[in-house]
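Asker: Dropping in work-v2.pdb, with PDB, N, CA and C atoms and all ligand atoms.
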```pdb
ATOM      1  N   MET H  30      -9.077   5.244  12.515
ATOM      2  CA  MET H  30      -9.481   6.199  11.502
ATOM      3  C   MET H  30     -10.651   5.642  10.688
ATOM      4  N   PHE H  31     -10.494   4.409  10.200
ATOM      5  CA  PHE H  31     -11.552   3.769   9.439
ATOM      6  C   PHE H  31     -11.990   2.513  10.179
ATOM      7  N   ARG H  32     -13.243   2.142  10.014
ATOM      8  CA  ARG H  32     -13.721   0.884  10.572
ATOM      9  C   ARG H  32     -14.548   0.205   9.502
ATOM     10  N   ARG H  33     -14.279  -1.056   9.312
ATOM     11  CA  ARG H  33     -15.035  -1.768   8.286
ATOM     12  C   ARG H  33     -15.751  -2.945   8.912
ATOM     13  N   ASP H  34     -16.746  -3.433   8.213
ATOM     14  CA  ASP H  34     -17.455  -4.627   8.648
ATOM     15  C   ASP H  34     -16.498  -5.805   8.580
ATOM     16  N   PRO H  35     -16.749  -6.857   9.354
ATOM     17  CA  PRO H  35     -15.890  -8.048   9.279
ATOM     18  C   PRO H  35     -15.820  -8.583   7.842
ATOM     19  N   ILE H  36     -14.644  -9.114   7.487
ATOM     20  CA  ILE H  36     -14.445  -9.642   6.140
ATOM     21  C   ILE H  36     -14.909 -11.093   6.116
ATOM     22  N   PRO H  37     -15.883 -11.443   5.267
ATOM     23  CA  PRO H  37     -16.308 -12.843   5.161
ATOM     24  C   PRO H  37     -15.120 -13.708   4.733
ATOM     25  N   PRO H  38     -14.992 -14.907   5.297
ATOM     26  CA  PRO H  38     -13.840 -15.761   4.954
ATOM     27  C   PRO H  38     -13.660 -15.969   3.455
ATOM     28  N   ALA H  39     -14.738 -16.057   2.709
ATOM     29  CA  ALA H  39     -14.623 -16.287   1.264
ATOM     30  C   ALA H  39     -14.026 -15.087   0.536
ATOM     31  N   GLU H  40     -14.044 -13.908   1.181
ATOM     32  CA  GLU H  40     -13.514 -12.698   0.539
ATOM     33  C   GLU H  40     -12.169 -12.283   1.125
ATOM     34  N   ALA H  41     -11.635 -13.066   2.067
ATOM     35  CA  ALA H  41     -10.384 -12.699   2.725
ATOM     36  C   ALA H  41      -9.175 -12.992   1.842
ATOM     37  N   VAL H  42      -8.250 -12.040   1.810
ATOM     38  CA  VAL H  42      -7.001 -12.184   1.066
ATOM     39  C   VAL H  42      -5.867 -11.863   2.038
ATOM     40  N   GLU H  43      -4.937 -12.793   2.178
ATOM     41  CA  GLU H  43      -3.808 -12.571   3.080
ATOM     42  C   GLU H  43      -2.679 -11.873   2.324
ATOM     43  N   ILE H  44      -2.201 -10.778   2.901
ATOM     44  CA  ILE H  44      -1.069 -10.039   2.329
ATOM     45  C   ILE H  44      -0.046  -9.826   3.444
ATOM     46  N   LEU H  45       1.121  -9.329   3.092
ATOM     47  CA  LEU H  45       2.164  -9.060   4.085
ATOM     48  C   LEU H  45       2.547  -7.590   4.016
ATOM     49  N   LEU H  46       2.615  -6.934   5.166
ATOM     50  CA  LEU H  46       3.126  -5.572   5.253
ATOM     51  C   LEU H  46       4.394  -5.610   6.089
ATOM     52  N   ASP H  47       5.509  -5.286   5.477
ATOM     53  CA  ASP H  47       6.804  -5.338   6.157
ATOM     54  C   ASP H  47       6.999  -6.686   6.849
ATOM     55  N   GLY H  48       6.526  -7.734   6.200
ATOM     56  CA  GLY H  48       6.705  -9.091   6.699
ATOM     57  C   GLY H  48       5.633  -9.569   7.652
ATOM     58  N   ALA H  49       4.732  -8.680   8.079
ATOM     59  CA  ALA H  49       3.672  -9.073   9.008
ATOM     60  C   ALA H  49       2.380  -9.337   8.236
ATOM     61  N   PRO H  50       1.666 -10.410   8.580
ATOM     62  CA  PRO H  50       0.446 -10.736   7.843
ATOM     63  C   PRO H  50      -0.700  -9.771   8.149
ATOM     64  N   LEU H  51      -1.468  -9.475   7.106
ATOM     65  CA  LEU H  51      -2.683  -8.661   7.220
ATOM     66  C   LEU H  51      -3.767  -9.347   6.403
ATOM     67  N   THR H  52      -5.003  -9.152   6.798
ATOM     68  CA  THR H  52      -6.115  -9.665   6.010
ATOM     69  C   THR H  52      -6.799  -8.504   5.303
ATOM     70  N   ALA H  53      -6.931  -8.626   3.994
ATOM     71  CA  ALA H  53      -7.633  -7.630   3.181
ATOM     72  C   ALA H  53      -8.873  -8.281   2.595
ATOM     73  N   ARG H  54      -9.693  -7.469   1.966
ATOM     74  CA  ARG H  54     -10.872  -7.998   1.287
ATOM     75  C   ARG H  54     -10.580  -8.060  -0.202
ATOM     76  N   ARG H  55     -10.943  -9.153  -0.824
ATOM     77  CA  ARG H  55     -10.756  -9.294  -2.271
ATOM     78  C   ARG H  55     -11.331  -8.061  -2.973
ATOM     79  N   GLY H  56     -10.569  -7.479  -3.866
ATOM     80  CA  GLY H  56     -11.011  -6.297  -4.595
ATOM     81  C   GLY H  56     -10.528  -4.992  -3.994
ATOM     82  N   ASP H  57     -10.014  -5.045  -2.740
ATOM     83  CA  ASP H  57      -9.459  -3.836  -2.133
ATOM     84  C   ASP H  57      -8.261  -3.347  -2.940
ATOM     85  N   SER H  58      -8.080  -2.037  -2.988
ATOM     86  CA  SER H  58      -6.773  -1.535  -3.413
ATOM     87  C   SER H  58      -5.828  -1.743  -2.233
ATOM     88  N   VAL H  59      -4.538  -1.723  -2.514
ATOM     89  CA  VAL H  59      -3.567  -1.849  -1.424
ATOM     90  C   VAL H  59      -3.774  -0.717  -0.421
ATOM     91  N   ALA H  60      -4.036   0.497  -0.911
ATOM     92  CA  ALA H  60      -4.230   1.635  -0.012
ATOM     93  C   ALA H  60      -5.419   1.402   0.915
ATOM     94  N   VAL H  61      -6.530   0.961   0.373
ATOM     95  CA  VAL H  61      -7.716   0.716   1.197
ATOM     96  C   VAL H  61      -7.443  -0.399   2.206
ATOM     97  N   ALA H  62      -6.778  -1.450   1.769
ATOM     98  CA  ALA H  62      -6.487  -2.561   2.676
ATOM     99  C   ALA H  62      -5.633  -2.088   3.854
ATOM    100  N   LEU H  63      -4.622  -1.266   3.573
ATOM    101  CA  LEU H  63      -3.745  -0.808   4.659
ATOM    102  C   LEU H  63      -4.462   0.195   5.553
ATOM    103  N   LEU H  64      -5.198   1.129   4.971
ATOM    104  CA  LEU H  64      -5.923   2.100   5.790
ATOM    105  C   LEU H  64      -6.938   1.389   6.686
ATOM    106  N   ALA H  65      -7.641   0.408   6.131
ATOM    107  CA  ALA H  65      -8.632  -0.337   6.914
ATOM    108  C   ALA H  65      -7.983  -1.127   8.040
ATOM    109  N   ALA H  66      -6.701  -1.463   7.877
ATOM    110  CA  ALA H  66      -5.969  -2.194   8.915
ATOM    111  C   ALA H  66      -5.333  -1.238   9.933
ATOM    112  N   GLY H  67      -5.561   0.066   9.755
ATOM    113  CA  GLY H  67      -5.044   1.025  10.725
ATOM    114  C   GLY H  67      -3.664   1.575  10.408
ATOM    115  N   VAL H  68      -3.149   1.294   9.217
ATOM    116  CA  VAL H  68      -1.823   1.789   8.834
ATOM    117  C   VAL H  68      -1.935   3.270   8.486
ATOM    118  N   THR H  69      -1.124   4.111   9.113
ATOM    119  CA  THR H  69      -1.190   5.551   8.869
ATOM    120  C   THR H  69       0.085   6.099   8.235
ATOM    121  N   ARG H  70       1.141   5.292   8.144
ATOM    122  CA  ARG H  70       2.377   5.739   7.500
ATOM    123  C   ARG H  70       2.702   4.770   6.383
ATOM    124  N   PHE H  71       2.662   5.242   5.141
ATOM    125  CA  PHE H  71       2.975   4.406   3.989
ATOM    126  C   PHE H  71       4.418   4.579   3.562
ATOM    127  N   ARG H  72       4.955   5.788   3.727
ATOM    128  CA  ARG H  72       6.340   6.062   3.353
ATOM    129  C   ARG H  72       6.813   7.274   4.129
ATOM    130  N   GLY H  73       8.142   7.501   4.107
ATOM    131  CA  GLY H  73       8.707   8.722   4.646
ATOM    132  C   GLY H  73       9.031   9.638   3.484
ATOM    133  N   SER H  74       8.826  10.954   3.663
ATOM    134  CA  SER H  74       9.083  11.870   2.546
ATOM    135  C   SER H  74      10.561  11.835   2.173
ATOM    136  N   VAL H  75      10.833  12.108   0.915
ATOM    137  CA  VAL H  75      12.204  12.067   0.407
ATOM    138  C   VAL H  75      13.061  13.123   1.085
ATOM    139  N   VAL H  76      12.516  14.290   1.387
ATOM    140  CA  VAL H  76      13.295  15.404   1.922
ATOM    141  C   VAL H  76      13.492  15.287   3.439
ATOM    142  N   SER H  77      12.410  15.155   4.188
ATOM    143  CA  SER H  77      12.521  15.215   5.650
ATOM    144  C   SER H  77      12.266  13.883   6.342
ATOM    145  N   GLY H  78      11.741  12.916   5.614
ATOM    146  CA  GLY H  78      11.368  11.652   6.238
ATOM    147  C   GLY H  78      10.021  11.712   6.937
ATOM    148  N   ALA H  79       9.309  12.841   6.806
ATOM    149  CA  ALA H  79       7.989  12.977   7.447
ATOM    150  C   ALA H  79       7.047  11.901   6.924
ATOM    151  N   PRO H  80       6.184  11.407   7.799
ATOM    152  CA  PRO H  80       5.267  10.342   7.378
ATOM    153  C   PRO H  80       4.289  10.827   6.320
ATOM    154  N   ARG H  81       4.047   9.975   5.343
ATOM    155  CA  ARG H  81       3.097  10.259   4.268
ATOM    156  C   ARG H  81       2.112   9.114   4.183
ATOM    157  N   ALA H  82       0.882   9.420   3.762
ATOM    158  CA  ALA H  82      -0.169   8.417   3.614
ATOM    159  C   ALA H  82      -1.078   8.852   2.469
ATOM    160  N   PRO H  83      -1.913   7.960   1.967
ATOM    161  CA  PRO H  83      -2.773   8.305   0.842
ATOM    162  C   PRO H  83      -3.597   9.557   1.117
ATOM    163  N   TYR H  84      -3.735  10.364   0.068
ATOM    164  CA  TYR H  84      -4.510  11.599   0.168
ATOM    165  C   TYR H  84      -5.654  11.598  -0.842
ATOM    166  N   CYS H  85      -5.321  11.366  -2.111
ATOM    167  CA  CYS H  85      -6.356  11.512  -3.145
ATOM    168  C   CYS H  85      -7.095  10.200  -3.426
ATOM    169  N   LEU H  86      -6.419   9.077  -3.258
ATOM    170  CA  LEU H  86      -6.976   7.750  -3.564
ATOM    171  C   LEU H  86      -7.406   7.605  -5.023
ATOM    172  N   MET H  87      -6.807   8.380  -5.905
ATOM    173  CA  MET H  87      -7.147   8.259  -7.333
ATOM    174  C   MET H  87      -5.943   8.447  -8.250
ATOM    175  N   GLY H  88      -4.729   8.297  -7.715
ATOM    176  CA  GLY H  88      -3.566   8.297  -8.582
ATOM    177  C   GLY H  88      -2.945   9.642  -8.875
ATOM    178  N   SER H  89      -3.341  10.690  -8.166
ATOM    179  CA  SER H  89      -2.821  12.024  -8.473
ATOM    180  C   SER H  89      -1.719  12.521  -7.545
ATOM    181  N   CYS H  90      -1.765  12.171  -6.271
ATOM    182  CA  CYS H  90      -0.885  12.838  -5.292
ATOM    183  C   CYS H  90       0.446  12.109  -5.057
ATOM    184  N   PHE H  91       0.524  10.856  -5.306
ATOM    185  CA  PHE H  91       1.730  10.042  -5.125
ATOM    186  C   PHE H  91       2.171   9.939  -3.654
ATOM    187  N   ASP H  92       1.285  10.233  -2.731
ATOM    188  CA  ASP H  92       1.630  10.092  -1.316
ATOM    189  C   ASP H  92       1.487   8.664  -0.822
ATOM    190  N   CYS H  93       1.012   7.767  -1.674
ATOM    191  CA  CYS H  93       0.755   6.381  -1.257
ATOM    192  C   CYS H  93       1.824   5.414  -1.752
ATOM    193  N   LEU H  94       2.976   5.918  -2.189
ATOM    194  CA  LEU H  94       3.983   5.034  -2.786
ATOM    195  C   LEU H  94       4.483   3.986  -1.790
ATOM    196  N   VAL H  95       4.505   2.742  -2.241
ATOM    197  CA  VAL H  95       5.029   1.621  -1.464
ATOM    198  C   VAL H  95       5.790   0.692  -2.412
ATOM    199  N   THR H  96       6.513  -0.223  -1.841
ATOM    200  CA  THR H  96       7.155  -1.274  -2.621
ATOM    201  C   THR H  96       6.236  -2.498  -2.604
ATOM    202  N   ILE H  97       5.924  -3.016  -3.786
ATOM    203  CA  ILE H  97       5.034  -4.180  -3.891
ATOM    204  C   ILE H  97       5.762  -5.293  -4.623
ATOM    205  N   ASP H  98       5.900  -6.422  -3.958
ATOM    206  CA  ASP H  98       6.592  -7.584  -4.535
ATOM    207  C   ASP H  98       7.942  -7.187  -5.121
ATOM    208  N   GLY H  99       8.657  -6.328  -4.392
ATOM    209  CA  GLY H  99      10.007  -5.929  -4.771
ATOM    210  C   GLY H  99      10.093  -4.753  -5.721
ATOM    211  N   ALA H 100       8.976  -4.289  -6.245
ATOM    212  CA  ALA H 100       8.966  -3.155  -7.176
ATOM    213  C   ALA H 100       8.660  -1.870  -6.406
ATOM    214  N   PRO H 101       9.627  -0.921  -6.338
ATOM    215  CA  PRO H 101       9.393   0.305  -5.574
ATOM    216  C   PRO H 101       8.484   1.289  -6.313
ATOM    217  N   ASN H 102       8.012   2.269  -5.542
ATOM    218  CA  ASN H 102       7.243   3.397  -6.086
ATOM    219  C   ASN H 102       5.950   2.997  -6.767
ATOM    220  N   ARG H 103       5.278   1.997  -6.242
ATOM    221  CA  ARG H 103       3.952   1.621  -6.763
ATOM    222  C   ARG H 103       2.905   2.448  -6.035
ATOM    223  N   GLN H 104       1.937   2.929  -6.767
ATOM    224  CA  GLN H 104       0.864   3.710  -6.160
ATOM    225  C   GLN H 104      -0.130   2.738  -5.522
ATOM    226  N   ALA H 105      -0.166   2.714  -4.205
ATOM    227  CA  ALA H 105      -1.002   1.757  -3.482
ATOM    228  C   ALA H 105      -2.480   1.925  -3.792
ATOM    229  N   CYS H 106      -2.887   3.123  -4.183
ATOM    230  CA  CYS H 106      -4.306   3.347  -4.462
ATOM    231  C   CYS H 106      -4.727   2.782  -5.814
ATOM    232  N   LEU H 107      -3.768   2.407  -6.648
ATOM    233  CA  LEU H 107      -4.088   1.927  -7.994
ATOM    234  C   LEU H 107      -3.817   0.442  -8.190
ATOM    235  N   VAL H 108      -3.380  -0.242  -7.139
ATOM    236  CA  VAL H 108      -3.037  -1.662  -7.244
ATOM    237  C   VAL H 108      -4.008  -2.462  -6.382
ATOM    238  N   THR H 109      -4.586  -3.508  -6.960
ATOM    239  CA  THR H 109      -5.516  -4.377  -6.234
ATOM    240  C   THR H 109      -4.742  -5.457  -5.484
ATOM    241  N   VAL H 110      -5.156  -5.751  -4.269
ATOM    242  CA  VAL H 110      -4.459  -6.767  -3.481
ATOM    243  C   VAL H 110      -4.558  -8.132  -4.169
ATOM    244  N   ALA H 111      -3.545  -8.942  -3.917
ATOM    245  CA  ALA H 111      -3.520 -10.316  -4.422
ATOM    246  C   ALA H 111      -2.987 -11.201  -3.303
ATOM    247  N   PRO H 112      -3.425 -12.450  -3.252
ATOM    248  CA  PRO H 112      -2.962 -13.345  -2.189
ATOM    249  C   PRO H 112      -1.435 -13.428  -2.156
ATOM    250  N   GLY H 113      -0.879 -13.269  -0.952
ATOM    251  CA  GLY H 113       0.560 -13.389  -0.774
ATOM    252  C   GLY H 113       1.355 -12.155  -1.172
ATOM    253  N   MET H 114       0.674 -11.089  -1.573
ATOM    254  CA  MET H 114       1.372  -9.868  -2.004
ATOM    255  C   MET H 114       2.250  -9.353  -0.857
ATOM    256  N   ARG H 115       3.486  -8.979  -1.203
ATOM    257  CA  ARG H 115       4.430  -8.449  -0.210
ATOM    258  C   ARG H 115       4.533  -6.932  -0.381
ATOM    259  N   ILE H 116       4.135  -6.210   0.634
ATOM    260  CA  ILE H 116       4.128  -4.749   0.594
ATOM    261  C   ILE H 116       5.121  -4.254   1.639
ATOM    262  N   GLU H 117       5.927  -3.292   1.247
ATOM    263  CA  GLU H 117       6.888  -2.698   2.187
ATOM    264  C   GLU H 117       6.748  -1.193   2.152
ATOM    265  N   ARG H 118       6.786  -0.586   3.339
ATOM    266  CA  ARG H 118       6.782   0.870   3.415
ATOM    267  C   ARG H 118       8.135   1.384   2.948
ATOM    268  N   GLN H 119       8.141   2.555   2.356
ATOM    269  CA  GLN H 119       9.367   3.141   1.831
ATOM    270  C   GLN H 119       9.843   4.280   2.722
ATOM    271  N   SER H 120      11.151   4.506   2.713
ATOM    272  CA  SER H 120      11.730   5.659   3.400
ATOM    273  C   SER H 120      12.702   6.331   2.451
ATOM    274  N   GLY H 121      12.641   7.636   2.365
ATOM    275  CA  GLY H 121      13.555   8.370   1.508
ATOM    276  C   GLY H 121      13.299   8.079   0.044
ATOM    277  N   ALA H 122      14.349   8.179  -0.757
ATOM    278  CA  ALA H 122      14.248   7.973  -2.199
ATOM    279  C   ALA H 122      14.736   6.577  -2.538
ATOM    280  N   PRO H 123      13.842   5.654  -2.869
ATOM    281  CA  PRO H 123      14.279   4.297  -3.206
ATOM    282  C   PRO H 123      14.994   4.264  -4.546
ATOM    283  N   GLN H 124      15.830   3.271  -4.698
ATOM    284  CA  GLN H 124      16.524   3.067  -5.964
ATOM    285  C   GLN H 124      15.507   2.733  -7.045
ATOM    286  N   LEU H 125      15.740   3.251  -8.238
ATOM    287  CA  LEU H 125      14.900   2.888  -9.369
ATOM    288  C   LEU H 125      15.443   1.610  -9.979
ATOM    289  N   LEU H 126      14.549   0.773 -10.457
ATOM    290  CA  LEU H 126      14.969  -0.467 -11.097
ATOM    291  C   LEU H 126      15.417  -0.168 -12.525
ATOM    292  N   PRO H 127      16.505  -0.788 -12.979
ATOM    293  CA  PRO H 127      16.921  -0.573 -14.369
ATOM    294  C   PRO H 127      15.889  -1.161 -15.323
ATOM    295  N   GLU H 128      15.768  -0.540 -16.509
ATOM    296  CA  GLU H 128      14.861  -1.067 -17.521
ATOM    297  C   GLU H 128      15.396  -2.393 -18.038
ATOM    298  N   ALA H 129      14.493  -3.266 -18.413
ATOM    299  CA  ALA H 129      14.903  -4.533 -18.997
ATOM    300  C   ALA H 129      15.718  -4.264 -20.261
ATOM    301  N   GLY H 130      16.848  -4.916 -20.398
ATOM    302  CA  GLY H 130      17.676  -4.764 -21.572
ATOM    303  C   GLY H 130      18.639  -3.592 -21.507
ATOM    304  N   ALA H 131      18.569  -2.792 -20.412
ATOM    305  CA  ALA H 131      19.458  -1.620 -20.302
ATOM    306  C   ALA H 131      20.821  -2.030 -19.813
TER     307      ALA H 131
HETATM  308  S1  LIG H 201      -3.396   8.301  -2.790
HETATM  309 FE1  LIG H 201      -2.869   9.837  -4.219
HETATM  310  S2  LIG H 201      -1.775   8.758  -5.755
HETATM  311 FE2  LIG H 201      -2.413   7.236  -4.383
END
```
Step by step, read the file and then write its structure as structure tokens.

Answerer:
Amino acid sequence: MFRRDPIPPAEAVEILLDGAPLTARRGDSVAVALLAAGVTRFRGSVVSGAPRAPYCLMGSCFDCLVTIDGAPNRQACLVTVAPGMRIERQSGAPQLLPEAGA
């Protein structure tokens, strides 16, 4: 779907998608990093499980929700990659984390 120029080693950031290593470019959003790596399914819809992927890339559609470093429902288009970041695709309705102190 997308093709990008090779990532210079100085700009490479290693992340994990469902435990598998991926190389992103420093400054990429998680959504851009995954799309550039050929990922087309970010989550399954809550109702039918149909595959969903980023649509708006600006925080409006919520089709890019993933779990990042154990925190569910993060908008992949609004989070910048970081070295060692653990990203997991979601299926259905993930559990919400309790508020601190609740
Ligand atoms: S792609 Fe629409 S909110 Fe992230």

Asker: Counting only N, CA and C atoms, note down every residue that has an atom within 7 Å of the point (9.7, 3.7, 7.1) (file coordinates), as a PDB file with N, CA and C atoms, keeping the file's coordinate frame.

Answerer:
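What follows is the written file out33.pdb:
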```
ATOM      1  N   PHE H  71       2.662   5.242   5.141  1.00  0.00           N
ATOM      2  CA  PHE H  71       2.975   4.406   3.989  1.00  0.00           C
ATOM      3  C   PHE H  71       4.418   4.579   3.562  1.00  0.00           C
ATOM      4  N   ARG H  72       4.955   5.788   3.727  1.00  0.00           N
ATOM      5  CA  ARG H  72       6.340   6.062   3.353  1.00  0.00           C
ATOM      6  C   ARG H  72       6.813   7.274   4.129  1.00  0.00           C
ATOM      7  N   GLY H  73       8.142   7.501   4.107  1.00  0.00           N
ATOM      8  CA  GLY H  73       8.707   8.722   4.646  1.00  0.00           C
ATOM      9  C   GLY H  73       9.031   9.638   3.484  1.00  0.00           C
ATOM     10  N   ARG H 118       6.786  -0.586   3.339  1.00  0.00           N
ATOM     11  CA  ARG H 118       6.782   0.870   3.415  1.00  0.00           C
ATOM     12  C   ARG H 118       8.135   1.384   2.948  1.00  0.00           C
ATOM     13  N   GLN H 119       8.141   2.555   2.356  1.00  0.00           N
ATOM     14  CA  GLN H 119       9.367   3.141   1.831  1.00  0.00           C
ATOM     15  C   GLN H 119       9.843   4.280   2.722  1.00  0.00           C
ATOM     16  N   SER H 120      11.151   4.506   2.713  1.00  0.00           N
ATOM     17  CA  SER H 120      11.730   5.659   3.400  1.00  0.00           C
ATOM     18  C   SER H 120      12.702   6.331   2.451  1.00  0.00           C
ATOM     19  N   GLY H 121      12.641   7.636   2.365  1.00  0.00           N
ATOM     20  CA  GLY H 121      13.555   8.370   1.508  1.00  0.00           C
ATOM     21  C   GLY H 121      13.299   8.079   0.044  1.00  0.00           C
TER      22      GLY H 121
END
```

Asker: With 4 Å added on each side, what axis-aligned box encloses every listed atom of ligand LIG 201 (chain H)? Give the centre and edge lengths in Å to one decimal, as JSON.

Answerer:
```
{"center_x": -2.6, "center_y": 8.5, "center_z": -4.3, "size_x": 9.6, "size_y": 10.6, "size_z": 11.0}
```

Asker: Spell out the residues picked by the PyMOL selection byres (((chain H and resi 65) around 8) and not hetatm) here, as JSON, numbers by chain.

Answerer: {"H": [30, 31, 32, 33, 52, 59, 60, 61, 62, 63, 64, 66, 67, 68]}

Asker: Could you report the residues within 6 Å of ligand LIG 201 (chain H), using only C-alpha atoms and all ligand atoms, as an NGL selection string?

Answerer: :H and (83-93 or 104-106)

Asker: Could you work out how far atom CA of H:Arg54 lies from atom CA of H:Arg103, giving the answer in Å with one decimal?

Answerer: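 Spanning atom CA of H:Arg103 to atom CA of H:Arg54 is a straight-line distance of 19.4 Å.
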
Asker: Skip stretch 35-51 of chain H itself and residues of its chain fewer than 4 positions away, then list as a list in words all residues within 6.5 Å of it, counting only N, CA and C atoms.

Answerer: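 Contacts, with the query itself left out: Arg55, Ala111, Pro112, Gly113, Met114, Arg115, Ile116, Glu117 and Arg118 of chain H.
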